[in-house]
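Asker: If it helps, the file is called target.cif and holds mmCIF, C-alpha atoms:
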data_structure
#
loop_
_atom_site.group_PDB
_atom_site.id
_atom_site.type_symbol
_atom_site.label_atom_id
_atom_site.label_comp_id
_atom_site.auth_asym_id
_atom_site.auth_seq_id
_atom_site.Cartn_x
_atom_site.Cartn_y
_atom_site.Cartn_z
ATOM 1 C CA MET A 1 0.000 0.000 0.000
ATOM 2 C CA LYS A 2 2.897 2.329 0.443
ATOM 3 C CA TYR A 3 3.490 2.261 -3.352
ATOM 4 C CA ARG A 4 -0.065 3.345 -4.130
ATOM 5 C CA GLN A 5 1.033 6.996 -4.201
ATOM 6 C CA TYR A 6 3.414 6.208 -7.109
ATOM 7 C CA ARG A 7 0.857 4.401 -9.276
ATOM 8 C CA ILE A 8 -0.551 7.479 -11.084
ATOM 9 C CA PRO A 9 2.879 8.991 -11.885
ATOM 10 C CA LEU A 10 4.114 5.582 -13.139
ATOM 11 C CA VAL A 11 1.069 5.074 -15.387
ATOM 12 C CA PHE A 12 1.352 8.645 -16.691
ATOM 13 C CA GLY A 13 5.106 8.215 -17.305
ATOM 14 C CA GLY A 14 4.544 4.932 -19.138
ATOM 15 C CA LEU A 15 1.863 6.451 -21.373
ATOM 16 C CA LEU A 16 4.060 9.455 -22.095
ATOM 17 C CA THR A 17 6.957 7.149 -23.060
ATOM 18 C CA ILE A 18 4.696 5.162 -25.424
ATOM 19 C CA PHE A 19 3.398 8.393 -26.980
ATOM 20 C CA VAL A 20 6.913 9.804 -27.573
ATOM 21 C CA LEU A 21 8.093 6.471 -29.015
ATOM 22 C CA GLY A 22 5.051 6.378 -31.338
ATOM 23 C CA VAL A 23 5.709 9.923 -32.594
ATOM 24 C CA PHE A 24 9.377 9.047 -33.237
ATOM 25 C CA LEU A 25 8.447 5.894 -35.212
ATOM 26 C CA LEU A 26 5.807 7.772 -37.210
ATOM 27 C CA GLN A 27 8.373 10.408 -38.184
ATOM 28 C CA GLN A 28 10.805 7.712 -39.301
ATOM 29 C CA LEU A 29 8.162 6.034 -41.478
ATOM 30 C CA THR A 30 6.925 9.229 -43.118
ATOM 31 C CA GLN A 31 10.256 10.928 -43.828
ATOM 32 C CA PRO A 32 11.107 10.851 -47.563
ATOM 33 C CA GLU A 33 14.185 8.902 -48.431
ATOM 34 C CA GLU A 34 17.100 11.081 -49.310
ATOM 35 C CA MET A 35 18.665 8.537 -51.627
ATOM 36 C CA THR A 36 17.300 7.610 -55.025
ATOM 37 C CA GLN A 37 15.813 4.147 -55.143
ATOM 38 C CA VAL A 38 16.409 1.626 -57.887
ATOM 39 C CA VAL A 39 13.426 -0.625 -58.485
ATOM 40 C CA SER A 40 14.481 -3.906 -60.022
ATOM 41 C CA GLN A 41 11.990 -6.155 -61.678
ATOM 42 C CA LYS A 42 13.134 -9.622 -62.505
ATOM 43 C CA VAL A 43 12.483 -10.110 -66.188
ATOM 44 C CA GLU A 44 12.555 -13.774 -67.031
ATOM 45 C CA PRO A 45 13.859 -14.691 -70.458
ATOM 46 C CA VAL A 46 11.008 -15.511 -72.810
ATOM 47 C CA GLN A 47 11.254 -17.396 -76.046
ATOM 48 C CA THR A 48 11.916 -14.644 -78.556
ATOM 49 C CA THR A 49 10.960 -16.401 -81.743
ATOM 50 C CA LEU A 50 7.417 -15.671 -82.757
ATOM 51 C CA GLU A 51 6.002 -18.489 -84.812
ATOM 52 C CA LYS A 52 3.689 -16.446 -87.003
ATOM 53 C CA LYS A 53 2.832 -16.168 -90.646
ATOM 54 C CA GLU A 54 3.710 -12.467 -90.483
ATOM 55 C CA GLU A 55 7.139 -11.284 -89.474
ATOM 56 C CA VAL A 56 7.156 -8.438 -86.956
ATOM 57 C CA ILE A 57 7.906 -5.127 -88.664
ATOM 58 C CA CYS A 58 9.300 -1.964 -87.121
ATOM 59 C CA PRO A 59 6.512 0.304 -85.827
ATOM 60 C CA VAL A 60 8.172 3.409 -87.354
ATOM 61 C CA SER A 61 9.970 4.429 -90.543
ATOM 62 C CA GLU A 62 13.718 3.927 -90.934
ATOM 63 C CA ASP A 63 14.667 7.555 -90.248
ATOM 64 C CA VAL A 64 13.354 7.464 -86.646
ATOM 65 C CA GLU A 65 15.960 6.541 -84.019
ATOM 66 C CA ILE A 66 15.783 4.392 -80.902
ATOM 67 C CA VAL A 67 16.098 6.700 -77.890
ATOM 68 C CA ARG A 68 15.619 4.091 -75.134
ATOM 69 C CA TYR A 69 16.275 0.353 -75.244
ATOM 70 C CA PHE A 70 14.674 -2.712 -73.646
ATOM 71 C CA TYR A 71 16.337 -3.698 -70.356
ATOM 72 C CA GLU A 72 17.902 -7.153 -70.432
ATOM 73 C CA VAL A 73 19.990 -8.769 -67.745
ATOM 74 C CA ASP A 74 23.592 -8.406 -68.980
ATOM 75 C CA GLY A 75 22.351 -6.397 -71.968
ATOM 76 C CA GLU A 76 24.719 -4.066 -73.784
ATOM 77 C CA HIS A 77 22.295 -1.109 -73.659
ATOM 78 C CA ASN A 78 21.298 -1.298 -69.993
ATOM 79 C CA GLN A 79 22.489 2.241 -69.189
ATOM 80 C CA GLU A 80 20.114 3.465 -71.907
ATOM 81 C CA ALA A 81 17.351 1.091 -70.747
ATOM 82 C CA LEU A 82 16.322 2.708 -67.468
ATOM 83 C CA ASP A 83 13.311 4.974 -67.018
ATOM 84 C CA TYR A 84 13.678 7.647 -64.309
ATOM 85 C CA PHE A 85 10.398 8.888 -62.864
ATOM 86 C CA GLU A 86 9.662 10.497 -59.490
ATOM 87 C CA GLY A 87 13.092 9.674 -58.076
ATOM 88 C CA VAL A 88 13.028 5.994 -59.049
ATOM 89 C CA TYR A 89 14.832 4.122 -61.827
ATOM 90 C CA ARG A 90 12.804 1.370 -63.516
ATOM 91 C CA GLN A 91 13.774 -1.100 -66.187
ATOM 92 C CA SER A 92 12.337 -0.312 -69.617
ATOM 93 C CA LEU A 93 10.075 -3.135 -70.762
ATOM 94 C CA GLY A 94 9.917 -1.875 -74.341
ATOM 95 C CA ILE A 95 11.791 0.366 -76.731
ATOM 96 C CA ASP A 96 11.263 4.048 -77.441
ATOM 97 C CA TYR A 97 11.566 5.632 -80.858
ATOM 98 C CA GLY A 98 11.966 9.399 -81.000
ATOM 99 C CA SER A 99 12.444 12.303 -83.360
ATOM 100 C CA GLU A 100 12.137 16.068 -83.256
ATOM 101 C CA LYS A 101 9.389 15.821 -85.889
ATOM 102 C CA THR A 102 6.106 13.970 -85.507
ATOM 103 C CA PHE A 103 6.123 10.571 -87.235
ATOM 104 C CA ASP A 104 3.584 7.867 -88.105
ATOM 105 C CA VAL A 105 3.310 4.829 -85.854
ATOM 106 C CA LEU A 106 2.478 1.542 -87.607
ATOM 107 C CA ALA A 107 0.914 -1.778 -86.632
ATOM 108 C CA SER A 108 3.836 -4.217 -86.395
ATOM 109 C CA LEU A 109 1.461 -7.168 -86.820
ATOM 110 C CA SER A 110 -2.160 -7.639 -87.825
ATOM 111 C CA GLY A 111 -4.632 -7.960 -84.980
ATOM 112 C CA THR A 112 -7.611 -6.565 -83.111
ATOM 113 C CA VAL A 113 -7.589 -3.335 -81.117
ATOM 114 C CA GLU A 114 -8.160 -4.452 -77.546
ATOM 115 C CA ASP A 115 -7.834 -1.117 -75.770
ATOM 116 C CA VAL A 116 -7.578 2.606 -76.574
ATOM 117 C CA LYS A 117 -7.172 4.858 -73.547
ATOM 118 C CA LYS A 118 -5.790 8.204 -72.420
ATOM 119 C CA ASP A 119 -3.508 7.730 -69.420
ATOM 120 C CA ALA A 120 -2.477 10.800 -67.374
ATOM 121 C CA ILE A 121 1.112 9.528 -67.074
ATOM 122 C CA LEU A 122 1.708 7.368 -70.181
ATOM 123 C CA GLY A 123 -0.257 9.440 -72.688
ATOM 124 C CA LEU A 124 -2.547 7.966 -75.346
ATOM 125 C CA CYS A 125 -2.164 4.157 -75.312
ATOM 126 C CA VAL A 126 -3.255 1.460 -77.773
ATOM 127 C CA THR A 127 -3.122 -2.306 -77.222
ATOM 128 C CA ILE A 128 -3.485 -4.696 -80.166
ATOM 129 C CA GLN A 129 -4.149 -8.385 -79.554
ATOM 130 C CA CYS A 130 -2.569 -10.629 -82.173
ATOM 131 C CA ASP A 131 -2.510 -14.392 -82.711
ATOM 132 C CA GLU A 132 -0.733 -16.854 -80.411
ATOM 133 C CA GLY A 133 -0.890 -14.737 -77.237
ATOM 134 C CA ILE A 134 1.006 -11.776 -78.687
ATOM 135 C CA SER A 135 0.109 -8.237 -77.639
ATOM 136 C CA LEU A 136 1.481 -5.012 -79.096
ATOM 137 C CA ILE A 137 1.365 -2.026 -76.734
ATOM 138 C CA TYR A 138 1.940 1.528 -77.938
ATOM 139 C CA GLN A 139 2.202 4.467 -75.508
ATOM 140 C CA SER A 140 2.720 8.204 -75.958
ATOM 141 C CA LEU A 141 0.621 8.468 -79.115
ATOM 142 C CA ALA A 142 -1.281 11.340 -80.688
ATOM 143 C CA ASN A 143 -4.075 11.545 -83.266
ATOM 144 C CA VAL A 144 -5.346 7.974 -82.878
ATOM 145 C CA GLN A 145 -8.545 7.206 -84.787
ATOM 146 C CA LEU A 146 -9.087 3.638 -83.565
ATOM 147 C CA GLU A 147 -11.892 1.935 -81.679
ATOM 148 C CA GLU A 148 -11.877 -1.142 -79.476
ATOM 149 C CA GLY A 149 -12.712 -4.249 -81.509
ATOM 150 C CA GLN A 150 -11.425 -2.746 -84.758
ATOM 151 C CA THR A 151 -9.233 -4.976 -86.931
ATOM 152 C CA VAL A 152 -5.907 -3.542 -88.102
ATOM 153 C CA ARG A 153 -3.551 -4.929 -90.698
ATOM 154 C CA GLN A 154 0.197 -5.002 -90.458
ATOM 155 C CA GLY A 155 1.589 -1.660 -91.639
ATOM 156 C CA ASP A 156 -1.616 0.325 -90.958
ATOM 157 C CA VAL A 157 -1.030 3.760 -89.447
ATOM 158 C CA LEU A 158 -2.295 3.699 -85.847
ATOM 159 C CA GLY A 159 -1.545 7.335 -85.038
ATOM 160 C CA GLN A 160 1.374 9.682 -84.653
ATOM 161 C CA SER A 161 4.125 10.013 -82.087
ATOM 162 C CA GLY A 162 3.403 12.208 -79.104
ATOM 163 C CA TYR A 163 4.401 13.139 -75.576
ATOM 164 C CA ASN A 164 3.836 11.754 -72.099
ATOM 165 C CA VAL A 165 4.673 12.634 -68.502
ATOM 166 C CA TYR A 166 6.459 9.377 -67.649
ATOM 167 C CA GLU A 167 9.200 9.825 -70.262
ATOM 168 C CA ALA A 168 8.990 13.591 -70.697
ATOM 169 C CA GLU A 169 12.754 13.891 -71.207
ATOM 170 C CA LEU A 170 12.414 11.907 -74.471
ATOM 171 C CA GLY A 171 10.231 14.588 -76.041
ATOM 172 C CA ASN A 172 8.284 13.475 -79.127
ATOM 173 C CA HIS A 173 8.382 9.669 -79.123
ATOM 174 C CA VAL A 174 6.470 6.391 -78.997
ATOM 175 C CA HIS A 175 7.022 3.620 -76.448
ATOM 176 C CA PHE A 176 6.581 0.166 -78.027
ATOM 177 C CA THR A 177 6.204 -3.097 -76.087
ATOM 178 C CA ILE A 178 5.675 -6.655 -77.313
ATOM 179 C CA GLU A 179 4.297 -9.231 -74.906
ATOM 180 C CA LYS A 180 4.031 -12.978 -75.462
ATOM 181 C CA ASP A 181 1.570 -14.557 -73.015
ATOM 182 C CA ASN A 182 1.709 -11.360 -70.878
ATOM 183 C CA GLU A 183 5.525 -11.434 -70.586
ATOM 184 C CA PRO A 184 7.505 -8.605 -72.222
ATOM 185 C CA ILE A 185 10.103 -9.554 -74.812
ATOM 186 C CA ASN A 186 12.762 -7.405 -76.429
ATOM 187 C CA PRO A 187 11.199 -6.104 -79.654
ATOM 188 C CA LEU A 188 14.620 -5.894 -81.297
ATOM 189 C CA THR A 189 14.979 -9.686 -81.121
ATOM 190 C CA VAL A 190 11.874 -10.234 -83.274
ATOM 191 C CA ILE A 191 11.592 -7.203 -85.555
ATOM 192 C CA LYS A 192 12.382 -8.110 -89.139
ATOM 193 C CA SER A 193 15.560 -6.297 -90.215
#
Since I need it in another form, could you write the structure as structure tokens?
Answerer:
Amino acid sequence: MKYRQYRIPLVFGGLLTIFVLGVFLLQQLTQPEEMTQVVSQKVEPVQTTLEKKEEVICPVSEDVEIVRYFYEVDGEHNQEALDYFEGVYRQSLGIDYGSEKTFDVLASLSGTVEDVKKDAILGLCVTIQCDEGISLIYQSLANVQLEEGQTVRQGDVLGQSGYNVYEAELGNHVHFTIEKDNEPINPLTVIKS
């Protein structure tokens, strides 16, 4: 009973300690990191031969240059294959073609337009579903006159190059991705030379 007089100060002191510790931990969790993060996605090798009647053609004319490459483990262009956005480096899962002048973007294979959407970060995007689980994904487009369900033939003009927020430093460009069974593959390994 002689310790009863210390009970209230001990309880108050314990609660105060828990409160201060909680505030400290909350500050540690909500402070922005001062170092740039590198986000690494493991990209498994996928069979890069597409067994199709059509050969994959380049989605742009010959005078348009590649300004960002596909990231491959041990690839020769890996320094040029990283996207930097909001303080984070990410591996490029497609290739980017760019030019100072607007250029036409072509269907690399025949297929059906699965999706046409305006994305606040990636710009105007078009997805074409082709045979054998192959998808063609185009981002950063302008002037697209396509509708979902529409059939396109290889070489058809899908739209023109444009701009997006995600790769703003590339200026006028198009980001092109090929997926086989929902896994990205390096377009340069299948595009007919």
Asker: Pick out the closest residue to A:Asn182 from this set: A:Glu148, A:Glu167, A:Glu132, A:Asp96. Count only C-alpha atoms.
Answerer: A:Glu132
Asker: For stretch 58-65 of chain A, please output as an MDAnalysis selection string all residues within 10 Å (counting only C-alpha atoms; exclusion window: fewer than 6 positions along the same chain).
Answerer: chainID A and resid 96:109 136 138 154:158 160:161 173:176 187:188 190:193
Asker: Please identify all polymer residues lying at most 12 Å from the point (-4.3, 11.0, -68.0) (file coordinates), using all atoms listed in the file, and present the result as a list of chain:residue names.
Answerer: A:Lys117, A:Lys118, A:Asp119, A:Ala120, A:Ile121, A:Leu122, A:Gly123, A:Leu124, A:Cys125, A:Gln139, A:Ser140, A:Tyr163, A:Asn164, A:Val165, A:Tyr166
Asker: Could you please determine the separation between atom CA of A:Gln129 and atom CA of A:Tyr89 in Å, to one decimal place?
Answerer: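 Atom CA of A:Tyr89 lies 28.8 Å from atom CA of A:Gln129.
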Asker: To one decimal in Å, tell me the separation between atom CA of A:Cys130 and atom CA of A:Asn186.
Answerer: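 Separation between atom CA of A:Cys130 and atom CA of A:Asn186: 16.7 Å.
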Asker: As an exercise, work out the distance from atom CA of A:Leu170 to atom CA of A:Asn143 in Å and give it to one decimal place.
Answerer: 18.7 Å
Asker: Identify which of the residues A:Glu114, A:Leu141, A:Thr17, A:Ile178 lies closest to A:Gly162, counting all atoms listed in the file when measuring atom-to-atom distances.
Answerer: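 Using all atoms listed in the file, the shortest distance to A:Gly162 belongs to A:Leu141.
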Asker: Using only C-alpha atoms, can you tell me which of A:Tyr69, A:Ile18, A:Gly159, A:Ser92 comes closest to A:Ala142?
Answerer: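 Counting only C-alpha atoms, the residue closest to A:Ala142 is A:Gly159.
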